[in-house]
file start-v4.txt (compact mmCIF, C-alpha atoms)
# COMPACT_ATOMS: atom_id res chain seq x y z
CA MET A 1 100.96 82.37 116.29
CA HIS A 2 99.41 81.99 112.83
CA VAL A 3 95.90 80.86 112.22
CA GLN A 4 94.92 80.63 108.57
CA GLU A 5 91.50 80.56 106.91
CA GLY A 6 89.68 77.38 107.81
CA GLU A 7 92.06 76.57 110.65
CA LEU A 8 91.38 75.97 114.30
CA ILE A 9 93.89 76.28 117.10
CA GLU A 10 93.01 74.61 120.35
CA LEU A 11 94.58 75.85 123.56
CA ASN A 12 94.62 72.98 126.02
CA GLY A 13 95.75 72.76 129.58
CA PRO A 14 94.56 72.23 133.11
CA ASN A 15 92.83 74.89 135.22
CA GLY A 16 95.15 77.79 135.93
CA SER A 17 97.51 77.03 133.08
CA GLY A 18 96.78 80.37 131.39
CA LYS A 19 94.45 79.47 128.51
CA THR A 20 92.11 82.39 129.18
CA THR A 21 95.01 84.74 129.83
CA LEU A 22 96.68 83.80 126.54
CA LEU A 23 93.40 84.23 124.66
CA ARG A 24 92.78 87.63 126.24
CA ILE A 25 96.34 88.72 125.45
CA LEU A 26 95.86 87.66 121.82
CA LEU A 27 92.64 89.70 121.66
CA GLY A 28 94.29 92.76 123.19
CA LEU A 29 92.08 92.61 126.27
CA GLN A 30 95.01 91.97 128.57
CA LYS A 31 98.63 93.10 128.52
CA PRO A 32 101.38 90.48 128.73
CA ASP A 33 103.85 90.77 131.61
CA ARG A 34 106.66 90.82 129.06
CA GLY A 35 106.79 91.35 125.32
CA LYS A 36 104.05 92.58 123.05
CA ALA A 37 101.01 91.01 121.43
CA ILE A 38 99.59 92.44 118.22
CA CYS A 39 96.58 90.84 116.56
CA TYR A 40 96.24 91.28 112.80
CA ALA A 41 92.80 89.69 112.42
CA GLU A 42 90.23 91.59 110.32
CA SER A 43 87.39 91.16 112.76
CA ILE A 44 87.15 89.08 115.88
CA GLY A 45 84.14 87.53 117.55
CA PHE A 46 84.60 86.56 121.17
CA VAL A 47 82.66 84.38 123.56
CA GLY A 48 84.26 84.28 126.97
CA HIS A 49 83.39 83.21 130.51
CA ARG A 50 81.05 86.19 130.71
CA PRO A 51 78.41 85.92 127.99
CA GLY A 52 78.59 89.46 126.62
CA LEU A 53 74.82 89.73 126.87
CA SER A 54 73.04 92.23 129.07
CA GLY A 55 70.79 90.52 131.60
CA LEU A 56 68.06 93.14 131.34
CA LEU A 57 67.63 92.79 127.58
CA THR A 58 66.16 89.95 125.55
CA LEU A 59 68.38 87.81 123.34
CA VAL A 60 67.05 89.57 120.22
CA GLU A 61 67.83 93.01 121.68
CA ASN A 62 71.29 91.89 122.77
CA ILE A 63 72.10 90.36 119.41
CA ARG A 64 70.78 93.42 117.59
CA TRP A 65 73.19 95.61 119.59
CA ASN A 66 76.07 93.17 119.08
CA LEU A 67 75.50 93.21 115.35
CA SER A 68 75.32 96.99 115.21
CA LEU A 69 78.71 97.14 116.98
CA SER A 70 80.23 95.05 114.19
CA GLN A 71 78.27 97.01 111.55
CA CYS A 72 76.35 93.93 110.41
CA VAL A 73 72.87 94.38 109.00
CA VAL A 74 70.70 91.41 109.93
CA SER A 75 66.92 91.52 110.14
CA ASP A 76 65.06 90.63 113.34
CA LYS A 77 63.42 87.81 111.40
CA GLU A 78 66.82 86.33 110.63
CA ILE A 79 67.91 86.72 114.27
CA ARG A 80 64.78 84.90 115.46
CA HIS A 81 65.27 82.19 112.84
CA ARG A 82 68.86 81.64 113.99
CA LEU A 83 67.83 81.64 117.65
CA ALA A 84 65.28 78.96 116.79
CA GLU A 85 68.05 76.92 115.17
CA PHE A 86 69.91 77.18 118.46
CA GLY A 87 66.87 75.82 120.29
CA LEU A 88 65.95 79.19 121.75
CA ASN A 89 62.56 79.71 120.08
CA GLN A 90 60.86 79.99 123.48
CA CYS A 91 63.22 82.76 124.59
CA PHE A 92 62.57 85.62 122.16
CA THR A 93 60.77 87.86 124.63
CA VAL A 94 62.45 86.71 127.84
CA SER A 95 65.23 88.79 129.39
CA VAL A 96 68.62 87.10 129.60
CA ASN A 97 68.47 87.19 133.42
CA GLU A 98 65.61 84.69 133.27
CA LEU A 99 67.45 82.18 131.07
CA SER A 100 69.54 79.23 132.20
CA ALA A 101 73.34 79.34 131.87
CA GLY A 102 73.16 76.92 128.95
CA GLN A 103 70.58 79.04 127.14
CA VAL A 104 72.68 82.15 127.69
CA LYS A 105 75.71 80.36 126.25
CA ARG A 106 73.67 79.26 123.25
CA GLY A 107 72.50 82.86 122.81
CA ALA A 108 76.09 84.13 122.89
CA LEU A 109 77.14 81.52 120.31
CA CYS A 110 74.13 82.42 118.16
CA ALA A 111 75.19 86.09 118.21
CA LEU A 112 78.67 85.02 117.14
CA THR A 113 77.41 83.09 114.12
CA LEU A 114 75.33 86.05 112.91
CA ALA A 115 78.12 88.63 113.13
CA ARG A 116 80.23 87.03 110.38
CA HIS A 117 83.62 87.63 112.03
CA SER A 118 86.63 86.12 110.30
CA LEU A 119 88.22 84.94 113.55
CA TRP A 120 86.38 83.40 116.46
CA ALA A 121 87.96 83.39 119.89
CA LEU A 122 86.16 81.02 122.23
CA ASP A 123 86.97 80.58 125.88
CA GLU A 124 85.64 77.33 127.32
CA PRO A 125 82.75 77.34 124.83
CA MET A 126 81.41 74.02 126.07
CA ALA A 127 80.91 75.20 129.64
CA SER A 128 77.19 75.05 130.57
CA LEU A 129 76.24 73.36 127.28
CA ASP A 130 74.41 70.02 127.21
CA SER A 131 75.39 67.28 124.76
CA GLN A 132 73.05 68.70 122.12
CA GLY A 133 74.63 72.11 122.61
CA GLU A 134 78.10 70.61 122.22
CA GLU A 135 77.07 69.06 118.92
CA LEU A 136 75.66 72.39 117.83
CA LEU A 137 78.94 74.08 118.71
CA ALA A 138 80.95 71.51 116.76
CA SER A 139 78.74 71.93 113.70
CA MET A 140 78.85 75.74 113.85
CA LEU A 141 82.64 75.58 114.05
CA ASP A 142 82.66 73.32 110.97
CA VAL A 143 80.42 75.70 109.03
CA HIS A 144 82.55 78.67 110.07
CA ARG A 145 85.76 76.97 108.95
CA ASN A 146 84.22 75.75 105.69
CA ASN A 147 83.24 79.36 104.98
CA GLY A 148 86.88 80.44 105.35
CA GLY A 149 86.74 81.48 108.98
CA ALA A 150 89.31 80.62 111.63
CA ALA A 151 89.04 79.93 115.34
CA ILE A 152 91.12 79.87 118.49
CA VAL A 153 89.49 77.84 121.22
CA ALA A 154 90.67 77.69 124.81
CA THR A 155 89.27 74.55 126.36
CA HIS A 156 90.10 71.71 128.67
CA ILE A 157 87.63 69.47 126.81
CA PRO A 158 89.02 68.50 123.38
CA ILE A 159 86.97 69.93 120.52
CA ALA A 160 89.40 70.02 117.58
CA SER A 161 90.28 67.08 115.34
CA PRO A 162 93.75 65.48 115.70
CA THR A 163 94.86 67.26 112.51
CA ASP A 164 94.20 70.71 114.00
CA GLU A 165 96.92 72.57 115.83
CA HIS A 166 97.01 72.07 119.59
CA ILE A 167 98.89 74.28 121.99
CA VAL A 168 99.22 72.63 125.35
CA LEU A 169 99.86 74.89 128.31
CA GLY A 170 101.15 73.63 131.62
CA VAL A 171 100.99 74.96 135.16
CA ALA A 172 104.24 76.69 136.13
CA MET B 1 76.52 106.75 113.81
CA ARG B 2 74.69 103.41 113.84
CA ARG B 3 76.88 102.19 116.69
CA PHE B 4 76.25 105.39 118.62
CA ALA B 5 72.47 105.24 118.13
CA ALA B 6 72.28 101.52 118.95
CA THR B 7 74.33 101.89 122.14
CA LEU B 8 72.38 104.96 123.26
CA LYS B 9 69.09 103.13 122.73
CA ARG B 10 70.42 100.04 124.50
CA ASP B 11 71.66 101.96 127.56
CA VAL B 12 68.41 103.90 127.89
CA LEU B 13 66.45 100.64 127.62
CA ILE B 14 68.63 98.97 130.27
CA ALA B 15 68.22 101.98 132.59
CA ILE B 16 64.43 101.94 132.16
CA ARG B 17 64.31 98.20 132.86
CA SER B 18 66.52 98.62 135.95
CA GLY B 19 63.57 100.54 137.46
CA VAL B 20 64.29 101.97 140.90
CA GLU B 21 68.03 102.00 140.25
CA MET B 22 67.51 104.69 137.61
CA LEU B 23 65.37 106.79 139.93
CA ASN B 24 67.77 106.65 142.92
CA PRO B 25 69.88 109.72 141.99
CA LEU B 26 66.79 111.77 141.16
CA ALA B 27 65.06 110.78 144.40
CA PHE B 28 68.26 111.60 146.30
CA PHE B 29 68.44 115.00 144.58
CA ALA B 30 64.81 115.91 145.24
CA LEU B 31 64.70 114.65 148.84
CA THR B 32 68.03 116.16 149.90
CA GLY B 33 67.02 119.46 148.29
CA VAL B 34 63.77 119.47 150.25
CA VAL B 35 65.59 118.65 153.52
CA PHE B 36 68.06 121.51 152.92
CA ALA B 37 65.14 123.87 152.20
CA ILE B 38 63.55 122.89 155.53
CA VAL B 39 66.68 123.13 157.70
CA PHE B 40 67.77 126.52 156.36
CA GLY B 41 64.91 128.12 158.28
CA SER B 42 62.50 130.89 157.40
CA ASP B 43 64.89 133.81 156.81
CA LEU B 44 64.60 134.47 153.06
CA ASP B 45 68.11 135.98 152.62
CA THR B 46 69.78 133.02 154.33
CA ARG B 47 67.74 130.56 152.28
CA GLN B 48 68.50 132.33 149.01
CA ILE B 49 72.24 132.61 149.71
CA SER B 50 72.50 128.99 150.88
CA GLY B 51 70.04 127.65 148.31
CA ILE B 52 72.27 127.90 145.26
CA PRO B 53 75.25 125.96 146.75
CA ALA B 54 72.84 123.48 148.36
CA VAL B 55 71.15 122.68 145.03
CA TRP B 56 74.45 122.53 143.16
CA THR B 57 76.14 120.31 145.76
CA THR B 58 73.13 118.00 145.85
CA ALA B 59 73.20 117.81 142.04
CA LEU B 60 76.89 116.92 142.18
CA PHE B 61 76.39 114.07 144.65
CA ALA B 62 73.30 112.81 142.81
CA ASN B 63 75.39 112.64 139.65
CA MET B 64 78.17 110.84 141.50
CA LEU B 65 75.67 108.34 142.89
CA ALA B 66 74.88 107.16 139.37
CA MET B 67 78.48 107.25 138.19
CA GLU B 68 79.82 103.87 139.29
CA GLY B 69 77.21 102.03 137.26
CA ILE B 70 78.17 103.57 133.93
CA PHE B 71 80.61 100.76 133.05
CA ARG B 72 80.06 98.33 135.94
CA ARG B 73 77.14 96.40 134.48
CA ASP B 74 78.87 96.04 131.12
CA TYR B 75 82.03 94.83 132.84
CA ASP B 76 80.10 92.27 134.88
CA ASP B 77 78.19 90.78 131.94
CA GLY B 78 81.14 90.85 129.52
CA THR B 79 79.73 93.38 127.05
CA LEU B 80 82.56 95.78 127.91
CA ALA B 81 85.04 93.31 126.39
CA HIS B 82 82.97 93.25 123.18
CA LEU B 83 82.94 97.01 123.13
CA LEU B 84 86.74 97.16 123.49
CA LEU B 85 87.49 94.32 121.08
CA ASP B 86 86.71 96.32 117.97
CA LYS B 87 88.69 99.56 118.28
CA THR B 88 86.51 101.34 115.71
CA ALA B 89 83.41 100.62 117.81
CA THR B 90 84.89 101.76 121.12
CA LEU B 91 84.67 105.54 120.66
CA PRO B 92 81.08 105.78 119.33
CA ALA B 93 79.89 103.29 121.93
CA ILE B 94 81.59 105.17 124.77
CA CYS B 95 80.18 108.51 123.54
CA ALA B 96 76.72 106.92 123.48
CA LYS B 97 77.16 105.58 127.01
CA LEU B 98 78.15 109.05 128.22
CA GLY B 99 75.22 110.59 126.37
CA ALA B 100 72.78 108.08 127.84
CA HIS B 101 74.14 108.68 131.33
CA TRP B 102 73.63 112.43 131.00
CA LEU B 103 70.17 112.00 129.50
CA LEU B 104 69.16 109.82 132.45
CA THR B 105 70.80 111.77 135.29
CA GLY B 106 72.13 115.22 134.36
CA LEU B 107 69.16 116.27 132.25
CA PRO B 108 66.45 115.27 134.77
CA ILE B 109 68.49 116.81 137.61
CA GLY B 110 68.71 120.05 135.61
CA VAL B 111 64.98 119.99 134.96
CA LEU B 112 64.25 119.26 138.63
CA ALA B 113 66.66 121.95 139.89
CA PRO B 114 64.27 124.93 139.56
CA ILE B 115 61.53 122.95 141.33
CA VAL B 116 63.90 122.16 144.21
CA GLY B 117 65.14 125.77 144.07
CA VAL B 118 61.62 127.11 144.68
CA GLY B 119 61.93 125.76 148.23
CA PHE B 120 64.76 128.23 148.84
CA GLY B 121 62.68 131.22 147.75
CA LEU B 122 64.87 131.95 144.72
CA PRO B 123 63.37 134.32 142.12
CA PRO B 124 62.39 132.82 138.72
CA VAL B 125 65.31 134.39 136.82
CA THR B 126 67.81 132.91 139.29
CA LEU B 127 66.03 129.55 139.04
CA ALA B 128 66.40 129.71 135.26
CA MET B 129 70.11 130.46 135.62
CA LEU B 130 70.46 127.66 138.18
CA MET B 131 68.89 125.25 135.71
CA ALA B 132 71.09 126.51 132.86
CA THR B 133 74.33 126.16 134.85
CA ILE B 134 73.38 122.67 136.03
CA LEU B 135 72.60 121.67 132.45
CA ILE B 136 76.03 122.99 131.41
CA GLY B 137 77.84 121.56 134.43
CA THR B 138 76.36 118.06 134.61
CA PRO B 139 77.79 116.88 131.25
CA ALA B 140 81.22 117.90 132.56
CA LEU B 141 80.52 116.03 135.82
CA THR B 142 79.48 112.94 133.81
CA LEU B 143 82.66 113.10 131.73
CA ILE B 144 84.95 113.59 134.74
CA GLY B 145 83.12 110.89 136.70
CA ALA B 146 83.34 108.48 133.78
CA MET B 147 87.14 108.67 133.94
CA GLY B 148 87.03 107.66 137.60
CA ALA B 149 84.44 104.96 136.90
CA ALA B 150 86.62 103.59 134.10
CA LEU B 151 89.65 103.48 136.41
CA VAL B 152 87.87 101.50 139.14
CA VAL B 153 85.74 99.24 136.92
CA GLY B 154 87.92 96.18 137.47
CA LEU B 155 88.19 96.66 141.23
CA GLY B 156 84.90 95.18 142.35
CA ARG B 157 83.20 97.64 144.66
CA GLY B 158 85.21 100.77 143.93
CA GLY B 159 82.59 103.28 145.10
CA VAL B 160 84.69 104.92 147.82
CA LEU B 161 87.77 105.04 145.62
CA LEU B 162 85.70 106.56 142.84
CA THR B 163 84.50 109.31 145.19
CA LEU B 164 88.06 110.03 146.30
CA LEU B 165 89.25 110.13 142.70
CA VAL B 166 86.62 112.36 141.18
CA LEU B 167 85.53 114.64 144.02
CA PRO B 168 88.59 116.94 143.78
CA LEU B 169 88.03 117.17 140.01
CA TYR B 170 84.35 118.02 140.53
CA VAL B 171 85.17 121.00 142.76
CA PRO B 172 86.05 123.52 139.97
CA VAL B 173 82.76 122.74 138.19
CA LEU B 174 80.90 123.16 141.47
CA LEU B 175 82.60 126.46 142.34
CA LEU B 176 82.10 127.93 138.88
CA GLY B 177 78.47 126.81 138.72
CA ILE B 178 77.71 128.34 142.12
CA GLY B 179 79.75 131.41 141.19
CA VAL B 180 77.71 132.10 138.04
CA CYS B 181 74.41 131.80 139.93
CA HIS B 182 75.57 133.94 142.87
CA GLN B 183 76.91 136.70 140.62
CA PHE B 184 73.78 136.61 138.50
CA HIS B 185 71.56 136.71 141.60
CA ALA B 186 73.51 139.69 142.96
CA GLY B 187 73.31 141.50 139.61
CA ALA B 188 77.11 141.36 139.20
CA VAL B 189 79.22 140.28 136.22
CA TYR B 190 79.09 136.49 135.85
CA THR B 191 80.71 136.07 132.41
CA PRO B 192 84.18 134.95 133.66
CA GLN B 193 82.68 132.10 135.71
CA LEU B 194 80.38 131.12 132.85
CA VAL B 195 83.29 131.08 130.41
CA GLY B 196 85.21 128.93 132.89
CA LEU B 197 82.29 126.50 133.11
CA PHE B 198 82.08 126.28 129.31
CA ALA B 199 85.86 125.84 129.12
CA ILE B 200 85.72 122.84 131.45
CA LEU B 201 82.82 121.39 129.46
CA THR B 202 84.66 121.87 126.15
CA GLY B 203 87.90 120.45 127.52
CA THR B 204 86.29 117.36 129.01
CA LEU B 205 84.05 116.87 125.97
CA THR B 206 87.12 116.88 123.72
CA ALA B 207 89.54 114.82 125.77
CA VAL B 208 87.59 112.39 127.94
CA PRO B 209 85.84 110.24 125.29
CA LEU B 210 89.21 109.67 123.60
CA ALA B 211 90.91 108.81 126.90
CA LEU B 212 88.22 106.41 128.11
CA GLY B 213 89.01 103.61 125.63
CA PRO B 214 92.65 103.21 126.75
CA ILE B 215 91.68 103.67 130.43
CA LEU B 216 89.02 100.94 130.18
CA ARG B 217 91.43 98.66 128.34
CA VAL B 218 93.97 98.98 131.16
CA SER B 219 91.55 98.83 134.07
CA GLN B 220 89.54 95.82 132.90
CA ASP B 221 92.84 93.94 132.58
CA ARG B 222 92.53 92.62 136.13
call {"tool": "encode", "arguments": {"input": "start-v4.txt", "output": "structure tokens"}}
result
Amino acid sequence: MHVQEGELIELNGPNGSGKTTLLRILLGLQKPDRGKAICYAESIGFVGHRPGLSGLLTLVENIRWNLSLSQCVVSDKEIRHRLAEFGLNQCFTVSVNELSAGQVKRGALCALTLARHSLWALDEPMASLDSQGEELLASMLDVHRNNGGAAIVATHIPIASPTDEHIVLGVA
Amino acid sequence: MRRFAATLKRDVLIAIRSGVEMLNPLAFFALTGVVFAIVFGSDLDTRQISGIPAVWTTALFANMLAMEGIFRRDYDDGTLAHLLLDKTATLPAICAKLGAHWLLTGLPIGVLAPIVGVGFGLPPVTLAMLMATILIGTPALTLIGAMGAALVVGLGRGGVLLTLLVLPLYVPVLLLGIGVCHQFHAGAVYTPQLVGLFAILTGTLTAVPLALGPILRVSQDR
């Protein structure tokens, strides 16, 4: 599977067709039953079913830790500014456990945009998002691709344009 | 270094915010130690002889009590996947998690040990040695326990399995720790046991952090 700069690959298929499994295999988080998967991406940002945010920390604290893992230097001011762009300006001092599922998803996506990874791997990114959140996701994907980034998105709700590559998985 | 410091700070912060959960092993250690001190009766010799193994065994189980949580929370909220995604971040982050775990369990248990040991009528020099051996032994217990915790992280509630996995590996640390204190208390040579304890610490300190990344990668694949 090749995904070039500015490209998006959408993994489609019904529930249980293996979209998440394929994505996790590509990321090296799961071993395939047969064969081998090697990912050559420079740096990967991942938002999966689980948000990757600790419930006992605030969004700012979580994002700060996430960024330090990927060796990115971003000021707290910039983090707060980006969170505000994601409609989370009321959530700076609130622990993640107290946020709604949609807010948590927005927080995870916000962390992804700040980390400047070349490849984004998104698993059902629209789950829990409202229509405004979906628009936000679409625009952040556009910005990422325009900046030379690439993305692999596992979803059962179409997000890519017809010109993007689609891989359709079926239930065995 | 930045990854290590950030993860250490994060884990300490999470432990502090978890409140009672952080205090459970310490409360267990202190209360069980007090109960042992009461049930061993008033004969000073019996209390002194039984006191060292009682404190050490209690320290071991208190450490084990906190062990399952070392990766569990990160697995549940998905941060473990982030930690494993970037292979260069895995080792410093794991080392920081181990360090935070010891700072929050092993270190306070070691500090509390002489206080609990007073209940057994142990002389101050023996109490100092008890504290020293626990401070040397608990990092090894954390490292050994982390291997077990990493193996069961994807299994839901793997507490019993974790105990079965790590308890046999804890025994040499326990025996050597007790051995050093007993020999020291009796005025006999304790160097061989102390060297053994340091050898286990050095071995686990060298090998376990490197092994944990691959173990976590395999065990969270469920």
call {"tool": "interface_residues", "arguments": {"input": "start-v4.txt", "of": "chain A", "to": "chain B", "cutoff": "7 Å", "atoms": "all atoms listed in the file", "output": "MDAnalysis selection string"}}
result
chainID A and resid 27 29:30 50:54 56:57 65 68:69
call {"tool": "atom_distance", "arguments": {"input": "start-v4.txt", "atom1": "atom CA of Thr46 of chain B", "atom2": "atom CA of Asn24 of chain B"}}
result
28.8 Å
call {"tool": "atom_distance", "arguments": {"input": "start-v4.txt", "atom1": "atom CA of Gly41 of chain B", "atom2": "atom CA of Pro114 of chain B"}}
result
19.0 Å
call {"tool": "atom_distance", "arguments": {"input": "start-v4.txt", "atom1": "atom CA of Trp102 of chain B", "atom2": "atom CA of Leu130 of chain B"}}
result
17.1 Å
call {"tool": "closest_residue", "arguments": {"input": "start-v4.txt", "among": "A:Leu23, A:Leu137, A:Leu83, A:Leu119", "to": "Gly107 of chain A", "atoms": "only C-alpha atoms"}}
result
A:Leu83
call {"tool": "closest_residue", "arguments": {"input": "start-v4.txt", "among": "B:Leu91, B:Ala96, B:Leu8, B:Ile115", "to": "Ala30 of chain B", "atoms": "only C-alpha atoms"}}
result
B:Ile115
call {"tool": "residues_around", "arguments": {"input": "start-v4.txt", "residues": "Thr142 of chain B", "least_positions_apart": "4", "cutoff": "10 Å", "atoms": "only C-alpha atoms", "output": "count of residues only"}}
result
21
